[in-house]
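target35.pdb follows; it contains PDB, C-alpha atoms, pLDDT in the B column.
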```
MODEL        1
ATOM      1  CA  ASN O 172       0.000   0.000   0.000  1.00 46.00           C
ATOM      2  CA  ALA O 173       2.897   2.372   0.432  1.00 56.00           C
ATOM      3  CA  GLY O 174       2.912   5.031  -2.230  1.00 87.00           C
ATOM      4  CA  VAL O 175      -0.760   5.890  -2.844  1.00 93.00           C
ATOM      5  CA  MET O 176      -1.178   9.128  -0.963  1.00 94.00           C
ATOM      6  CA  GLN O 177      -4.545  10.576  -0.097  1.00 96.00           C
ATOM      7  CA  ASN O 178      -5.238  13.844   1.620  1.00 96.00           C
ATOM      8  CA  PRO O 179      -6.727  15.003   3.743  1.00 97.00           C
ATOM      9  CA  ARG O 180      -7.204  11.936   5.952  1.00 95.00           C
ATOM     10  CA  HIS O 181     -10.213  13.505   7.589  1.00 97.00           C
ATOM     11  CA  LEU O 182     -12.448  16.235   6.204  1.00 98.00           C
ATOM     12  CA  VAL O 183     -15.369  17.918   7.915  1.00 98.00           C
ATOM     13  CA  ARG O 184     -17.822  19.965   5.899  1.00 98.00           C
ATOM     14  CA  ARG O 185     -21.149  21.593   6.578  1.00 97.00           C
ATOM     15  CA  ARG O 186     -24.097  20.872   4.349  1.00 97.00           C
ATOM     16  CA  GLY O 187     -23.862  22.867   1.132  1.00 97.00           C
ATOM     17  CA  GLN O 188     -20.083  23.236   1.148  1.00 98.00           C
ATOM     18  CA  GLU O 189     -17.676  21.716  -1.333  1.00 98.00           C
ATOM     19  CA  ALA O 190     -15.330  18.821  -0.597  1.00 98.00           C
ATOM     20  CA  ARG O 191     -12.109  18.228  -2.531  1.00 98.00           C
ATOM     21  CA  LEU O 192     -10.302  14.941  -2.059  1.00 98.00           C
ATOM     22  CA  ARG O 193      -6.831  14.404  -3.456  1.00 98.00           C
ATOM     23  CA  CYS O 194      -5.019  11.275  -4.554  1.00 97.00           C
ATOM     24  CA  SER O 195      -1.443  10.877  -5.731  1.00 96.00           C
ATOM     25  CA  PRO O 196      -0.907   7.434  -7.286  1.00 95.00           C
ATOM     26  CA  MET O 197       2.089   5.228  -6.744  1.00 92.00           C
ATOM     27  CA  LYS O 198       5.149   6.274  -8.674  1.00 90.00           C
ATOM     28  CA  GLY O 199       4.891   5.095 -12.259  1.00 86.00           C
ATOM     29  CA  HIS O 200       1.156   4.354 -12.067  1.00 89.00           C
ATOM     30  CA  SER O 201      -1.092   6.106 -14.554  1.00 88.00           C
ATOM     31  CA  HIS O 202      -4.442   4.509 -13.689  1.00 92.00           C
ATOM     32  CA  VAL O 203      -6.505   5.818 -10.785  1.00 95.00           C
ATOM     33  CA  TYR O 204      -9.737   4.505  -9.292  1.00 96.00           C
ATOM     34  CA  TRP O 205     -12.037   6.026  -6.692  1.00 98.00           C
ATOM     35  CA  TYR O 206     -14.218   3.936  -4.385  1.00 98.00           C
ATOM     36  CA  ARG O 207     -16.663   4.907  -1.665  1.00 97.00           C
ATOM     37  CA  GLN O 208     -17.323   3.019   1.550  1.00 95.00           C
ATOM     38  CA  LEU O 209     -20.487   3.883   3.407  1.00 91.00           C
ATOM     39  CA  PRO O 210     -20.634   2.991   7.118  1.00 84.00           C
ATOM     40  CA  GLU O 211     -20.762  -0.775   7.738  1.00 79.00           C
ATOM     41  CA  GLU O 212     -20.623  -1.546   4.011  1.00 82.00           C
ATOM     42  CA  GLY O 213     -18.118  -2.750   1.440  1.00 84.00           C
ATOM     43  CA  LEU O 214     -16.408  -0.519  -1.058  1.00 94.00           C
ATOM     44  CA  LYS O 215     -18.290   0.571  -4.173  1.00 96.00           C
ATOM     45  CA  PHE O 216     -16.605   1.635  -7.410  1.00 96.00           C
ATOM     46  CA  MET O 217     -17.119   5.238  -8.469  1.00 97.00           C
ATOM     47  CA  VAL O 218     -14.790   6.184 -11.319  1.00 97.00           C
ATOM     48  CA  TYR O 219     -11.720   5.039 -13.249  1.00 95.00           C
ATOM     49  CA  LEU O 220      -9.361   7.582 -14.782  1.00 94.00           C
ATOM     50  CA  GLN O 221      -6.176   7.691 -16.753  1.00 92.00           C
ATOM     51  CA  LYS O 222      -4.153  10.823 -17.255  1.00 89.00           C
ATOM     52  CA  GLU O 223      -6.523  13.499 -18.637  1.00 89.00           C
ATOM     53  CA  ASN O 224      -9.228  10.925 -19.419  1.00 93.00           C
ATOM     54  CA  ILE O 225     -12.241   9.484 -17.643  1.00 94.00           C
ATOM     55  CA  ILE O 226     -12.438   5.848 -18.682  1.00 92.00           C
ATOM     56  CA  ASP O 227     -15.409   4.614 -16.658  1.00 93.00           C
ATOM     57  CA  GLU O 228     -17.665   6.778 -14.502  1.00 94.00           C
ATOM     58  CA  SER O 229     -20.528   4.326 -14.233  1.00 93.00           C
ATOM     59  CA  GLY O 230     -20.428   4.388 -10.430  1.00 94.00           C
ATOM     60  CA  MET O 231     -20.509   8.148 -10.016  1.00 95.00           C
ATOM     61  CA  PRO O 232     -23.703   9.849  -8.836  1.00 94.00           C
ATOM     62  CA  LYS O 233     -25.160  11.883 -11.661  1.00 90.00           C
ATOM     63  CA  GLU O 234     -25.121  15.176  -9.824  1.00 95.00           C
ATOM     64  CA  ARG O 235     -22.639  17.069  -7.611  1.00 97.00           C
ATOM     65  CA  PHE O 236     -19.757  14.586  -8.071  1.00 98.00           C
ATOM     66  CA  SER O 237     -16.889  15.003 -10.495  1.00 97.00           C
ATOM     67  CA  ALA O 238     -13.387  13.621 -10.874  1.00 97.00           C
ATOM     68  CA  GLU O 239     -10.284  14.557 -12.779  1.00 96.00           C
ATOM     69  CA  PHE O 240      -6.741  13.324 -13.232  1.00 95.00           C
ATOM     70  CA  PRO O 241      -4.753  16.086 -14.906  1.00 93.00           C
ATOM     71  CA  LYS O 242      -1.516  15.688 -16.787  1.00 90.00           C
ATOM     72  CA  GLU O 243       0.313  17.158 -13.826  1.00 90.00           C
ATOM     73  CA  GLY O 244      -0.666  16.781 -10.209  1.00 91.00           C
ATOM     74  CA  PRO O 245      -2.948  14.517  -8.216  1.00 95.00           C
ATOM     75  CA  SER O 246      -6.350  13.145  -9.059  1.00 97.00           C
ATOM     76  CA  ILE O 247      -9.179  15.151  -7.523  1.00 98.00           C
ATOM     77  CA  LEU O 248     -12.604  13.927  -6.457  1.00 98.00           C
ATOM     78  CA  ARG O 249     -14.894  16.905  -6.032  1.00 98.00           C
ATOM     79  CA  ILE O 250     -18.232  16.888  -4.280  1.00 98.00           C
ATOM     80  CA  GLN O 251     -20.289  20.023  -4.563  1.00 98.00           C
ATOM     81  CA  GLN O 252     -23.041  21.062  -2.139  1.00 98.00           C
ATOM     82  CA  VAL O 253     -22.402  18.147   0.185  1.00 98.00           C
ATOM     83  CA  VAL O 254     -25.264  16.461   2.021  1.00 97.00           C
ATOM     84  CA  ARG O 255     -25.187  14.216   5.084  1.00 95.00           C
ATOM     85  CA  GLY O 256     -25.539  11.146   2.903  1.00 94.00           C
ATOM     86  CA  ASP O 257     -22.131  11.912   1.387  1.00 96.00           C
ATOM     87  CA  SER O 258     -20.493  11.074   4.729  1.00 96.00           C
ATOM     88  CA  ALA O 259     -18.283   8.087   3.965  1.00 96.00           C
ATOM     89  CA  ALA O 260     -14.726   6.923   3.495  1.00 96.00           C
ATOM     90  CA  TYR O 261     -13.409   7.618   0.017  1.00 98.00           C
ATOM     91  CA  PHE O 262     -10.572   5.420  -1.181  1.00 97.00           C
ATOM     92  CA  CYS O 263      -8.280   5.913  -4.114  1.00 97.00           C
ATOM     93  CA  ALA O 264      -6.384   3.090  -5.808  1.00 96.00           C
ATOM     94  CA  SER O 265      -3.793   3.045  -8.551  1.00 94.00           C
ATOM     95  CA  SER O 266      -2.426   0.455 -10.938  1.00 90.00           C
ATOM     96  CA  PRO O 267       0.428   0.375 -13.423  1.00 84.00           C
ATOM     97  CA  PRO O 268       0.120   1.372 -17.086  1.00 77.00           C
ATOM     98  CA  SER O 269      -0.032  -0.953 -20.054  1.00 65.00           C
ATOM     99  CA  PRO O 270       1.819  -3.118 -21.066  1.00 53.00           C
ATOM    100  CA  TYR O 271       2.490  -3.921 -17.424  1.00 52.00           C
ATOM    101  CA  ARG O 272      -1.162  -4.514 -16.616  1.00 52.00           C
ATOM    102  CA  ALA O 273      -1.338  -8.198 -17.269  1.00 57.00           C
ATOM    103  CA  LYS O 274      -1.684  -8.210 -13.514  1.00 69.00           C
ATOM    104  CA  ASN O 275      -4.094  -5.378 -12.811  1.00 78.00           C
ATOM    105  CA  ILE O 276      -3.263  -5.194  -9.127  1.00 87.00           C
ATOM    106  CA  GLN O 277      -4.834  -2.176  -7.501  1.00 91.00           C
ATOM    107  CA  TYR O 278      -3.043  -0.581  -4.557  1.00 91.00           C
ATOM    108  CA  PHE O 279      -5.118   1.464  -2.169  1.00 93.00           C
ATOM    109  CA  GLY O 280      -4.471   4.608  -0.235  1.00 93.00           C
ATOM    110  CA  ALA O 281      -5.456   5.081   3.391  1.00 92.00           C
ATOM    111  CA  GLY O 282      -8.678   6.859   2.458  1.00 95.00           C
ATOM    112  CA  THR O 283     -10.301  10.186   3.265  1.00 97.00           C
ATOM    113  CA  ARG O 284     -13.041  10.162   5.891  1.00 96.00           C
ATOM    114  CA  LEU O 285     -15.610  12.787   4.992  1.00 97.00           C
ATOM    115  CA  SER O 286     -18.035  13.909   7.662  1.00 97.00           C
ATOM    116  CA  VAL O 287     -20.879  16.233   6.715  1.00 97.00           C
ATOM    117  CA  LEU O 288     -22.442  18.148   9.582  1.00 95.00           C
TER
ATOM    118  CA  GLY P 159     -23.135  -7.092 -12.772  1.00 87.00           C
ATOM    119  CA  ILE P 160     -21.101  -9.706 -10.977  1.00 92.00           C
ATOM    120  CA  GLN P 161     -22.160 -10.806  -7.497  1.00 94.00           C
ATOM    121  CA  VAL P 162     -19.575 -11.373  -4.778  1.00 96.00           C
ATOM    122  CA  GLU P 163     -20.618 -13.156  -1.615  1.00 97.00           C
ATOM    123  CA  GLN P 164     -18.419 -13.616   1.418  1.00 98.00           C
ATOM    124  CA  SER P 165     -18.948 -15.940   4.336  1.00 97.00           C
ATOM    125  CA  PRO P 166     -19.196 -15.953   7.224  1.00 97.00           C
ATOM    126  CA  PRO P 167     -20.189 -12.309   7.795  1.00 96.00           C
ATOM    127  CA  ASP P 168     -18.794 -12.404  11.321  1.00 97.00           C
ATOM    128  CA  LEU P 169     -16.227 -14.621  12.990  1.00 97.00           C
ATOM    129  CA  ILE P 170     -14.937 -14.610  16.555  1.00 97.00           C
ATOM    130  CA  LEU P 171     -11.820 -16.602  17.415  1.00 95.00           C
ATOM    131  CA  GLN P 172      -9.512 -17.187  20.317  1.00 97.00           C
ATOM    132  CA  GLU P 173      -5.899 -16.320  19.711  1.00 97.00           C
ATOM    133  CA  GLY P 174      -4.095 -19.266  18.147  1.00 97.00           C
ATOM    134  CA  ALA P 175      -7.108 -20.673  16.310  1.00 97.00           C
ATOM    135  CA  ASN P 176      -7.271 -21.260  12.554  1.00 97.00           C
ATOM    136  CA  SER P 177      -9.979 -19.996  10.229  1.00 96.00           C
ATOM    137  CA  THR P 178     -11.187 -20.169   6.640  1.00 97.00           C
ATOM    138  CA  LEU P 179     -12.964 -17.303   4.888  1.00 98.00           C
ATOM    139  CA  ARG P 180     -14.832 -17.894   1.669  1.00 98.00           C
ATOM    140  CA  CYS P 181     -15.583 -15.743  -1.360  1.00 98.00           C
ATOM    141  CA  ASN P 182     -18.009 -16.858  -4.071  1.00 98.00           C
ATOM    142  CA  PHE P 183     -18.405 -14.949  -7.320  1.00 97.00           C
ATOM    143  CA  SER P 184     -20.989 -15.285 -10.038  1.00 95.00           C
ATOM    144  CA  ASP P 185     -18.985 -14.828 -13.248  1.00 93.00           C
ATOM    145  CA  SER P 186     -15.538 -15.254 -14.783  1.00 91.00           C
ATOM    146  CA  VAL P 187     -12.906 -12.901 -13.430  1.00 90.00           C
ATOM    147  CA  ASN P 188      -9.564 -11.498 -14.550  1.00 87.00           C
ATOM    148  CA  ASN P 189      -8.441 -10.459 -11.126  1.00 91.00           C
ATOM    149  CA  LEU P 190      -9.192 -11.409  -7.544  1.00 95.00           C
ATOM    150  CA  GLN P 191      -7.674  -9.645  -4.578  1.00 96.00           C
ATOM    151  CA  TRP P 192      -7.985 -10.188  -0.834  1.00 97.00           C
ATOM    152  CA  PHE P 193      -7.715  -7.191   1.488  1.00 96.00           C
ATOM    153  CA  HIS P 194      -7.566  -6.653   5.222  1.00 96.00           C
ATOM    154  CA  GLN P 195      -9.138  -3.476   6.559  1.00 93.00           C
ATOM    155  CA  ASN P 196      -7.624  -2.870   9.951  1.00 88.00           C
ATOM    156  CA  PRO P 197      -9.419  -1.146  12.834  1.00 85.00           C
ATOM    157  CA  TRP P 198      -7.963   2.198  11.698  1.00 85.00           C
ATOM    158  CA  GLY P 199      -9.683   1.784   8.347  1.00 86.00           C
ATOM    159  CA  GLN P 200      -6.591   1.188   6.240  1.00 88.00           C
ATOM    160  CA  LEU P 201      -6.970  -1.286   3.375  1.00 91.00           C
ATOM    161  CA  ILE P 202      -4.056  -3.693   3.180  1.00 92.00           C
ATOM    162  CA  ASN P 203      -3.351  -5.830   0.116  1.00 92.00           C
ATOM    163  CA  LEU P 204      -3.045  -9.479   1.103  1.00 96.00           C
ATOM    164  CA  PHE P 205      -3.110 -11.437  -2.138  1.00 96.00           C
ATOM    165  CA  TYR P 206      -3.552 -11.044  -5.858  1.00 94.00           C
ATOM    166  CA  ILE P 207      -4.866 -14.483  -6.733  1.00 95.00           C
ATOM    167  CA  PRO P 208      -7.082 -14.929  -9.831  1.00 93.00           C
ATOM    168  CA  SER P 209      -6.231 -18.648  -9.718  1.00 94.00           C
ATOM    169  CA  GLY P 210      -4.053 -21.099  -7.849  1.00 96.00           C
ATOM    170  CA  THR P 211      -2.615 -21.004  -4.352  1.00 97.00           C
ATOM    171  CA  LYS P 212      -0.318 -18.562  -2.605  1.00 97.00           C
ATOM    172  CA  GLN P 213       1.103 -18.359   0.879  1.00 97.00           C
ATOM    173  CA  ASN P 214       2.468 -15.458   2.880  1.00 96.00           C
ATOM    174  CA  GLY P 215       3.453 -16.335   6.421  1.00 96.00           C
ATOM    175  CA  ARG P 216       0.400 -17.402   8.407  1.00 97.00           C
ATOM    176  CA  LEU P 217      -1.920 -16.495   5.550  1.00 97.00           C
ATOM    177  CA  SER P 218      -2.645 -18.448   2.427  1.00 98.00           C
ATOM    178  CA  ALA P 219      -5.229 -18.233  -0.301  1.00 98.00           C
ATOM    179  CA  THR P 220      -6.636 -20.524  -2.953  1.00 98.00           C
ATOM    180  CA  THR P 221      -8.797 -19.584  -5.917  1.00 97.00           C
ATOM    181  CA  VAL P 222     -10.598 -22.196  -8.003  1.00 97.00           C
ATOM    182  CA  ALA P 223     -11.599 -20.065 -10.964  1.00 93.00           C
ATOM    183  CA  THR P 224     -13.564 -22.808 -12.731  1.00 94.00           C
ATOM    184  CA  GLU P 225     -15.778 -23.193  -9.669  1.00 96.00           C
ATOM    185  CA  ARG P 226     -15.876 -19.458  -8.945  1.00 97.00           C
ATOM    186  CA  TYR P 227     -14.682 -19.323  -5.384  1.00 98.00           C
ATOM    187  CA  SER P 228     -11.680 -18.317  -3.350  1.00 98.00           C
ATOM    188  CA  LEU P 229     -10.635 -19.207   0.182  1.00 98.00           C
ATOM    189  CA  LEU P 230      -8.460 -17.278   2.618  1.00 98.00           C
ATOM    190  CA  TYR P 231      -6.827 -19.287   5.382  1.00 98.00           C
ATOM    191  CA  ILE P 232      -5.551 -17.704   8.568  1.00 97.00           C
ATOM    192  CA  SER P 233      -3.512 -19.957  10.822  1.00 97.00           C
ATOM    193  CA  SER P 234      -2.475 -19.358  14.438  1.00 97.00           C
ATOM    194  CA  SER P 235      -4.534 -16.177  14.540  1.00 97.00           C
ATOM    195  CA  GLN P 236      -3.329 -13.154  16.480  1.00 97.00           C
ATOM    196  CA  THR P 237      -5.213 -10.177  17.885  1.00 95.00           C
ATOM    197  CA  THR P 238      -3.657  -8.024  15.180  1.00 94.00           C
ATOM    198  CA  ASP P 239      -5.528 -10.101  12.593  1.00 96.00           C
ATOM    199  CA  SER P 240      -8.773  -8.486  13.743  1.00 95.00           C
ATOM    200  CA  GLY P 241     -10.604  -6.354  11.226  1.00 94.00           C
ATOM    201  CA  VAL P 242     -12.633  -6.831   8.079  1.00 95.00           C
ATOM    202  CA  TYR P 243     -11.463  -9.073   5.253  1.00 97.00           C
ATOM    203  CA  PHE P 244     -12.656  -8.179   1.777  1.00 97.00           C
ATOM    204  CA  CYS P 245     -12.593 -10.136  -1.415  1.00 97.00           C
ATOM    205  CA  ALA P 246     -12.717  -8.070  -4.616  1.00 96.00           C
ATOM    206  CA  VAL P 247     -12.942  -9.214  -8.215  1.00 95.00           C
ATOM    207  CA  GLU P 248     -12.485  -7.697 -11.646  1.00 92.00           C
ATOM    208  CA  GLN P 249     -15.069  -9.132 -13.984  1.00 87.00           C
ATOM    209  CA  GLU P 250     -13.783 -10.141 -17.423  1.00 77.00           C
ATOM    210  CA  THR P 251     -16.430  -8.077 -19.179  1.00 75.00           C
ATOM    211  CA  SER P 252     -16.583  -5.020 -16.937  1.00 71.00           C
ATOM    212  CA  GLY P 253     -13.283  -3.291 -17.522  1.00 72.00           C
ATOM    213  CA  SER P 254     -10.873  -2.615 -14.720  1.00 83.00           C
ATOM    214  CA  ARG P 255     -13.084  -1.821 -11.757  1.00 90.00           C
ATOM    215  CA  LEU P 256     -13.138  -4.047  -8.683  1.00 94.00           C
ATOM    216  CA  THR P 257     -16.386  -5.329  -7.218  1.00 95.00           C
ATOM    217  CA  PHE P 258     -16.123  -5.933  -3.480  1.00 96.00           C
ATOM    218  CA  GLY P 259     -17.924  -8.384  -1.289  1.00 96.00           C
ATOM    219  CA  GLU P 260     -19.500  -7.221   1.936  1.00 94.00           C
ATOM    220  CA  GLY P 261     -16.606  -8.550   3.971  1.00 95.00           C
ATOM    221  CA  THR P 262     -16.014 -10.857   6.912  1.00 96.00           C
ATOM    222  CA  GLN P 263     -15.645  -9.133  10.287  1.00 96.00           C
ATOM    223  CA  LEU P 264     -12.985 -11.059  12.216  1.00 96.00           C
ATOM    224  CA  THR P 265     -12.436 -10.576  15.934  1.00 96.00           C
ATOM    225  CA  VAL P 266      -9.537 -12.376  17.580  1.00 96.00           C
ATOM    226  CA  ASN P 267      -9.697 -12.388  21.366  1.00 96.00           C
ATOM    227  CA  PRO P 268      -6.597 -12.794  23.562  1.00 94.00           C
TER
ENDMDL
END
```
The structure in this file should be written as structure tokens.
Amino acid sequence: NAGVMQNPRHLVRRRGQEARLRCSPMKGHSHVYWYRQLPEEGLKFMVYLQKENIIDESGMPKERFSAEFPKEGPSILRIQQVVRGDSAAYFCASSPPSPYRAKNIQYFGAGTRLSVL
Amino acid sequence: GIQVEQSPPDLILQEGANSTLRCNFSDSVNNLQWFHQNPWGQLINLFYIPSGTKQNGRLSATTVATERYSLLYISSSQTTDSGVYFCAVEQETSGSRLTFGEGTQLTVNP
């Protein structure tokens, strides 16, 4: 798990504010995934990105959520106008680029715990 | 989409006991990973095991892909093994995302 860095570790927001979660993948990894874990549940896929491209966003809520992975800098998961139901742990994972992805092993960060008051 | 079922949902052991956790999945997979989520919430990679058997210290895992299940064995359990164990699979037809089971909550008492 060493190498996937997420910040902040904990984030408190009031209803209606914006939350920005950051993820720096492991060195050399160009694929990033975001997952959400609601209390007492397993992780659910949200979005899969490569540099400057969203590959699969089938797990993202249709409104208020967006993600990016720019050419330079970390991947950002942005939640606008947060509501209490957004309170969860948000995990980022990364995996290596092709042609090294015969083994698509995903390595996870420590997560960001978002609390909405 | 693919279904991933883990059993048992909860398991309580005395230190030193052995245990077997099971993961059943409903379709062919490219990737299967086992994770341990410790009490601090961190997700630790245990095994990448789409097929075959692997061992790492007191832990071992076996995946029988043709029968669509995987087993995680924990021997001589320790209190530090407590936490939630997740199985996650990458379906052959669904791209690269992982689908997680609901986990097995393991408590090891001293």
Report the residues retrieved by the ChimeraX specification (/O :<8) & /P from the displayed file, expressed as a PyMOL selection string.
-> chain P and resi 189+191+199-203+206+244+254-261
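If you measure from each of P:Gln172, P:Asn188, P:Ile232, P:Glu225 to Leu204 (chain P) using all atoms listed in the file, the closest one turns out to be P:Ile232.
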How would you write, as a VMD selection string, the residues chosen by the PyMOL selection byres ((chain O and resi 179) around 8) on this structure?
-> chain O and resid 177 to 178 180 to 182 192 to 193 283
Please, what distance in Å, to one decimal, runs between CA of Thr251 (chain P) and CA of Phe240 (chain O)?
-> 24.2 Å
Enumerate, as JSON, numbers by chain, the residues matched when the PyMOL selection byres ((chain P and resi 264-266) around 10) is run on the file above.
-> {"P": [166, 167, 168, 169, 170, 171, 172, 173, 174, 175, 177, 179, 194, 235, 236, 237, 238, 239, 240, 241, 242, 243, 261, 262, 263, 267, 268]}
Taking all atoms of region 227-238 of chain O that the file lists, what box with edges along x, y and z, padded by 5 Å per side, do you get, with centre and edge lengths in Å to one decimal, as AutoDock Vina command-line options?
```
--center_x -19.3 --center_y 10.7 --center_z -12.1 --size_x 21.8 --size_y 22.7 --size_z 19.0
```
